[in-house]
Amino acid sequence: MSADLIALAVLGGLVVIVIVGALLFVRSGRKNTDAGSSTSAGALTSRGYSGPGGGMSNFIQPPAEWRGTTVQVCGLWPYSIGAGTPMVGVPLGRHIHTGATLCCDPISWFQRAKLISNPSLFVLGKPGLGKSTAVARMAIGLAGYGVQPLVLGDLRPDYVEVIRALGGQVITLGRGRGHLNVLDPGEAKDAAKRLTEAGFPKEAGEVLEDAHGRRLAMVSSLLTILRKSAPSDVEESIVDQALRYLDRNFDGVPVLGDLLNVVQQGPEELRLVAVDRGDFAEYQRITRGLEASLISLSRGGRLGEMFSQPTDNPMRLDRPVVYDISAIGEAEGDLRAATLLACWSNGFATVNIANVLADAGLEPRRHYFVIMDELWRALRAGNGIVDRVDFLTRLNRQVGVGTAMISHTMADLSALPEDRLKAKGFVERAGMVMCAGLPYTEMPELTTVIPFSEAEQELLTGWQDPPAWDAASGREVDPPGRGKFLVKVGTRPGIPVEVRLTEAERSIRDTNQRWYEQSRTGRRALHVVEELVEEHEERVSS
């Protein structure tokens, strides 16, 4: 036999051995599988192999189902996921359900993201759930974007340390603590002069007329708060002409006492609008009520002298500003409301002047974030106040100003029945609404303005529950809704978010600092009690 035949025979034998071994291996594996399935895991069913180690499930959770047309859902199958939260603006917090970061503020959502139609925010929620804290977070973040926060009336105070940390201006108001002259045109005259010299006479006239309108509105607001009713048309016309008379004839910045003197003197233009028909005695009869109210405002009546003296600390244009009115007590509701309105009026006037100067190229462009906290206090001051607030807030739509208005519930906006629909308009016109915990009774009123699903309503009412008692520490834990908000934009589903403070924010927003030091009067009282007990025991023993 040749070498070739021997090699071919060997190769054929090896092939046969390999094939036979493979067949034996496959057969052995099948037997082991069959034996294992029958002895250890049992039979294969629709829920897995039965028996120990088979992985059979006793309950299979049905998958979520949605119904839609083939046009709508053809691109979603088989993998679909909801859209992420917006990432434009100030990092506000994390989505409660997904943990995703939510960036949110009215200016960024209006200017850059184009998510809302106007740069305004309305915040609703029960006290103590973090409304002011969330707005302060937006103010700090917007300051980093170059937007200047303006807090036009801080009552607790919540924003003073924030503005101070940002290098801003703190203006303190209160009885004996500061004055804000409601007849002071601010920088309107200087701005008008600069505009005229730069070749903008039309804009200069508009600035002066705007300042006049705001002063007239502020005097009318003070009269409304003082009387609990709005002044008559004739009285407003008289005040209007008196202010114009002062602008023409008074040297310097007038105060309410100067306005009173003009009304008492009765120049010709005032008597014409009073329609006294040439009888000065008739003019005095017509202006008697107005004169009495102006005397009260200018000589320290119920509202004090805060608005009748020259302004101590004029508002700056180039930095964050806060009006600290925390010195005005809870019992002085009228004075608080009047101060809030005066701060709002002065703040918006300053912003308007800054924007006119920027339009003319005389100042750099600045954007402002105006915070109007405790709105309900001003609305409850008297009839006609809603009109004044509406007048002040409507002027911010085209002047590069974002606003945040904060109140407790929709019931606060319905305090005055005749102004109910106007007050609701504050919420309806808001570009975005943030809701913290709210009571069940609030839902019917709220859903007439903003659509909320049943799940969203249950979420809000759950957040308003009181805190629980921790027996281990002997203290109450935080309320379940503290720092949690539902962000609503129109008819879109709300975004539930939780705001958590950083250490830097906690250090400048700690409202419990006065409680950290142990009270010394308690120790003194304990010492006195111990002395009395010892004295009593000595008397008994003797």
# chains A, B, ... in the order shown; residues from 1 in each chain; ligands from 1

$ closest_atom_pairs --of "segment 72-190 of chain A" --to "segment 476-482 of chain A" --cutoff "12 Å" --atoms "only C-alpha atoms" --output "CSV"
residue,atom,partner,partner_atom,distance
A:Ile96,CA,A:Gly481,CA,11.5
A:Gly125,CA,A:Gly481,CA,9.8
A:Lys126,CA,A:Gly481,CA,9.7
A:Pro127,CA,A:Arg482,CA,9.7
A:Gly128,CA,A:Arg482,CA,7.2
A:Leu129,CA,A:Arg482,CA,4.2
A:Gly130,CA,A:Arg482,CA,6.0
A:Lys131,CA,A:Arg482,CA,9.0
A:Ser132,CA,A:Arg482,CA,11.5
A:Thr133,CA,A:Arg482,CA,10.2
A:Ala134,CA,A:Arg482,CA,10.5

$ residues_around --residues "Arg366 of chain A" --least-positions-apart "6" --cutoff "10 Å" --atoms "only C-alpha atoms" --output "list in words"
Gly146, Val147, Gln148, Leu317, Asp318, Arg319, Val351, Ala354, Asn355, Ala358, Val399, Gly400 and Val401 of chain A

$ residues_around --residues "Pro493 of chain A" --least-positions-apart "4" --cutoff "9 Å" --atoms "only C-alpha atoms" --output "PDB file with C-alpha atoms, in the first residue's frame"
ATOM      1  CA  PHE A 452     -55.682  70.604  36.983  1.00  0.00           C
ATOM      2  CA  SER A 453     -56.177  66.872  36.579  1.00  0.00           C
ATOM      3  CA  GLU A 456     -52.549  66.854  40.252  1.00  0.00           C
ATOM      4  CA  VAL A 487     -45.140  73.989  37.900  1.00  0.00           C
ATOM      5  CA  LYS A 488     -48.027  74.656  35.494  1.00  0.00           C
ATOM      6  CA  VAL A 489     -47.886  76.343  32.101  1.00  0.00           C
TER       7      VAL A 489
END

$ closest_residue --among "A:Arg316, A:Ala411, A:Arg285, A:Ser221" --to "Ala337 of chain A" --atoms "only C-alpha atoms"
A:Ser221

$ select_by_dssp --residues "segment 100-146 of chain A" --states "helix (DSSP H, G or I)" --output "ChimeraX atom specification"
/A:106-111,131-144

$ atom_distance --atom1 "atom CA of Thr287 of chain A" --atom2 "atom CA of Asn181 of chain A"
22.8 Å

$ residues_around --residues "Leu180 of chain A" --least-positions-apart "5" --cutoff "7 Å" --atoms "only C-alpha atoms" --output "PyMOL selection string"
chain A and resi 306-307+309-312

$ atom_distance --atom1 "atom CA of Ala211 of chain A" --atom2 "atom CA of Ala191 of chain A"
11.1 Å

$ closest_residue --among "A:Val322, A:Ile495, A:Ile19, A:Leu272" --to "Pro86 of chain A" --atoms "only C-alpha atoms"
A:Ile495
